[in-house]
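First up is the structure itself, then whatever we jot down about it.
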Amino acid sequence: MSHDETRLIDHLRARGVSRRGFLKFCAALTSAMALPPSMVTVVAAALEKARRPSVIWLPFQECTGCTESITRAHGATIEQLIFEAISLDYQHTLQAAAGDAAELARHEAMQANWGKYLLVVDGSVPLGNPGFSTIAGQANADMLTEAAKGAVAIIAVGSCASFGGIPMANPNPTGAVPISQIVRDKPIVNVSGCPPIPIVITSVLTHFLTFGKLPELDHLGRPKVFYGESIHDRCYRRPFYERGQFAESFDDEGARKGWCLYKLGCKGPVTYNACATVKWNNGTSFPIEAGHGCIGCAEPNFWDRGGFYDALSVTHWGTPKDVAIAAAAGIAIGATAAVLARRKQAAASKEIKP
Amino acid sequence: MDNKAHTALDAIAVKIERASGNVPPLLHEIRHALALLLDHGESTCIDLKSMPLAPGEEERIVAALGSGEVHAEVDALGLSEIAETAFPGVWVVSHCDERGAIQARFIEVTQVPDVLRSQHSDIADGLARLTTRLTVDG
């Protein structure tokens, strides 16, 4: 397998996409990457020169939910176009090849693109016993170590790869660990969530494709542009929180009026993700809009931090002081959400300007 | 969902009182942008995805801006709808995928949204195709 030198724009042109269509594609991508609209021309200019990166995707101890998330879309969505625009050289759930042929393809792709390919990993890695999870007879930890050596960067997709996730939940029977505990000499981007929002996954790939580098990360290794603010900060129900109007049960008057779900266990104040703005199912909705509190799936150890329906004040998400600070920050930020959104975008814009 | 299920859901007396409070500030932002366009010729583009909006608020914004003289559709990677609002210079640009789902929606405060302009490389392609056709047809 030779190194793929095809430019992204040539790939789109071969699909019959006009220049105007390309600009529309760039406008939607810019929006998806949470960049300001003024960056569309910069994104377009960068993508014109971009070459299709080789991507090797290794699924370990996972439920395939992350793969489902990114592949559920049908039709020419932005996610799908980006997914097509990369050279996905190995993904054993999706590829036609199996057995020795699949492993041969992986090795050939790694060799041809050594030092340049992106390694995407979903699922945690068991260290309790090498036999707990293997692919073609090779233990997950060994396969990860081998593939990571030739990768330019690693994208840990989902909460299992990012933080250990459900496999690592108490009592952690397989000795599961996140990718960052095994690979320590390569840049790692954690795209947490159970599963992550599909456009967030593809936006990280797009950022690399467009600007040739990884996005700015928070203290947990997540892209700041998507994980920089809490669900609570960006929730349209926040004004009810500020006024002390809470639903007390899922079918009371408060629930019917769309009041805040804090008392029903919403973890929005301590969960950092883009669900409230990017939303799910092609921007249709997100859990809080559907009437259910956030379960905090993008945060480390969310499975072990108390009941989904217990209020933050009685769970293990931090001290009452932490919760109060998070909530107070939400109030302060809530008053100027639009201003902060612009600032965030301006900062992102500043970061990637040549 | 069948009609029977719809009827059952409709029977539940749900009164939604939801509002992010972001509609009036956004309309003011558009007013400021329009003044900027008029006084300095500077265009502004607002990404509606960047705002926390409650269900129905995006529709409220679009309804508040009303409908103007120009409506256009661009058929490239799905339809895009470009509509001038009741306030000349304020456009709502909605990019849909091939299934009709909105991928991105912008309020553009400008004289003509860029997506409506013919692009240089498309013009070059068109010239080549027309030249070939005239050559073949004699």
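Ligands are numbered from 1 in the order shown, residues from 1 within each chain, and chains are lettered A, B, ... in the order they appear in the structure tokens.
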Closest-contact table, chain B side, partner chain A, 9 Å, counting only C-alpha atoms, as a Markdown table:
```
| residue | atom | partner | partner_atom | distance |
| --- | --- | --- | --- | --- |
| B:Ala13 | CA | A:Arg256 | CA | 8.3 |
| B:Val14 | CA | A:Arg256 | CA | 5.2 |
| B:Lys15 | CA | A:Lys257 | CA | 5.5 |
| B:Ile16 | CA | A:Lys257 | CA | 4.4 |
| B:Glu17 | CA | A:Lys257 | CA | 4.8 |
| B:Arg18 | CA | A:Gly258 | CA | 5.8 |
| B:Ala19 | CA | A:Tyr236 | CA | 6.6 |
| B:Ser20 | CA | A:Tyr236 | CA | 4.6 |
| B:Gly21 | CA | A:Pro239 | CA | 7.8 |
| B:Asn22 | CA | A:Ala338 | CA | 7.7 |
| B:Pro25 | CA | A:Ala338 | CA | 8.4 |
| B:Leu26 | CA | A:Ala338 | CA | 8.3 |
| B:Thr44 | CA | A:Ser38 | CA | 8.2 |
| B:Cys45 | CA | A:Pro37 | CA | 6.0 |
| B:Ile46 | CA | A:Pro37 | CA | 6.9 |
| B:Asp47 | CA | A:Pro37 | CA | 6.6 |
| B:Lys49 | CA | A:Thr277 | CA | 6.1 |
| B:Ser50 | CA | A:Ala341 | CA | 6.4 |
| B:Met51 | CA | A:Ala338 | CA | 6.2 |
| B:Pro52 | CA | A:Arg234 | CA | 5.5 |
| B:Leu53 | CA | A:Tyr236 | CA | 5.7 |
| B:Ala54 | CA | A:Tyr236 | CA | 5.1 |
| B:Pro55 | CA | A:Glu289 | CA | 7.7 |
| B:Val74 | CA | A:Gly21 | CA | 8.7 |
| B:Asp75 | CA | A:Gly21 | CA | 8.2 |
| B:Ala76 | CA | A:Gly21 | CA | 4.8 |
| B:Leu77 | CA | A:Gly21 | CA | 6.0 |
| B:Gly78 | CA | A:Ala76 | CA | 7.8 |
| B:Ser80 | CA | A:Lys24 | CA | 8.4 |
| B:His95 | CA | A:Lys24 | CA | 7.2 |
| B:Cys96 | CA | A:Thr77 | CA | 8.7 |
| B:Asp97 | CA | A:Thr77 | CA | 5.6 |
| B:Glu98 | CA | A:Ala76 | CA | 5.7 |
| B:Arg99 | CA | A:Gly75 | CA | 6.3 |
| B:Ala101 | CA | A:Asn282 | CA | 6.7 |
| B:Ile102 | CA | A:Asn282 | CA | 7.4 |
| B:Gln103 | CA | A:Ala28 | CA | 6.2 |
| B:Ala104 | CA | A:Ala28 | CA | 5.3 |
| B:Arg105 | CA | A:Ala28 | CA | 8.4 |
| B:Phe106 | CA | A:Pro37 | CA | 8.4 |
| B:Asp114 | CA | A:Leu23 | CA | 8.9 |
| B:Val115 | CA | A:Arg20 | CA | 6.4 |
| B:Leu116 | CA | A:Arg20 | CA | 8.2 |
| B:Arg117 | CA | A:Arg20 | CA | 8.2 |
| B:Ser118 | CA | A:Arg20 | CA | 7.3 |
| B:Gln119 | CA | A:Arg19 | CA | 6.3 |
| B:His120 | CA | A:Arg19 | CA | 8.1 |
| B:Ser121 | CA | A:Arg19 | CA | 6.5 |
| B:Asp122 | CA | A:Arg19 | CA | 5.9 |
```
| query | Which residues, written as a ChimeraX atom specification, have at least one atom at most 8 Å from segment 290-293 of chain A, with only C-alpha atoms counted and residues fewer than 2 positions away on the same chain left out? | reply | /A:250,255,258,261-262,264-268,285-288,295
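Our summary of the geometry notes that atom CA of Ser180 of chain A is positioned 7.3 Å from atom CA of Ser162 of chain A.
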| task | Determine, counting only C-alpha atoms, which protein, DNA and RNA residues have an atom within 10 Å of an atom of segment 61-73 of chain B; residues of the same chain fewer than 2 positions away are not included. Present the result as a ChimeraX atom specification. | result | /B:22-24,26-27,30,48,56-59,75-76,78-95,107,116
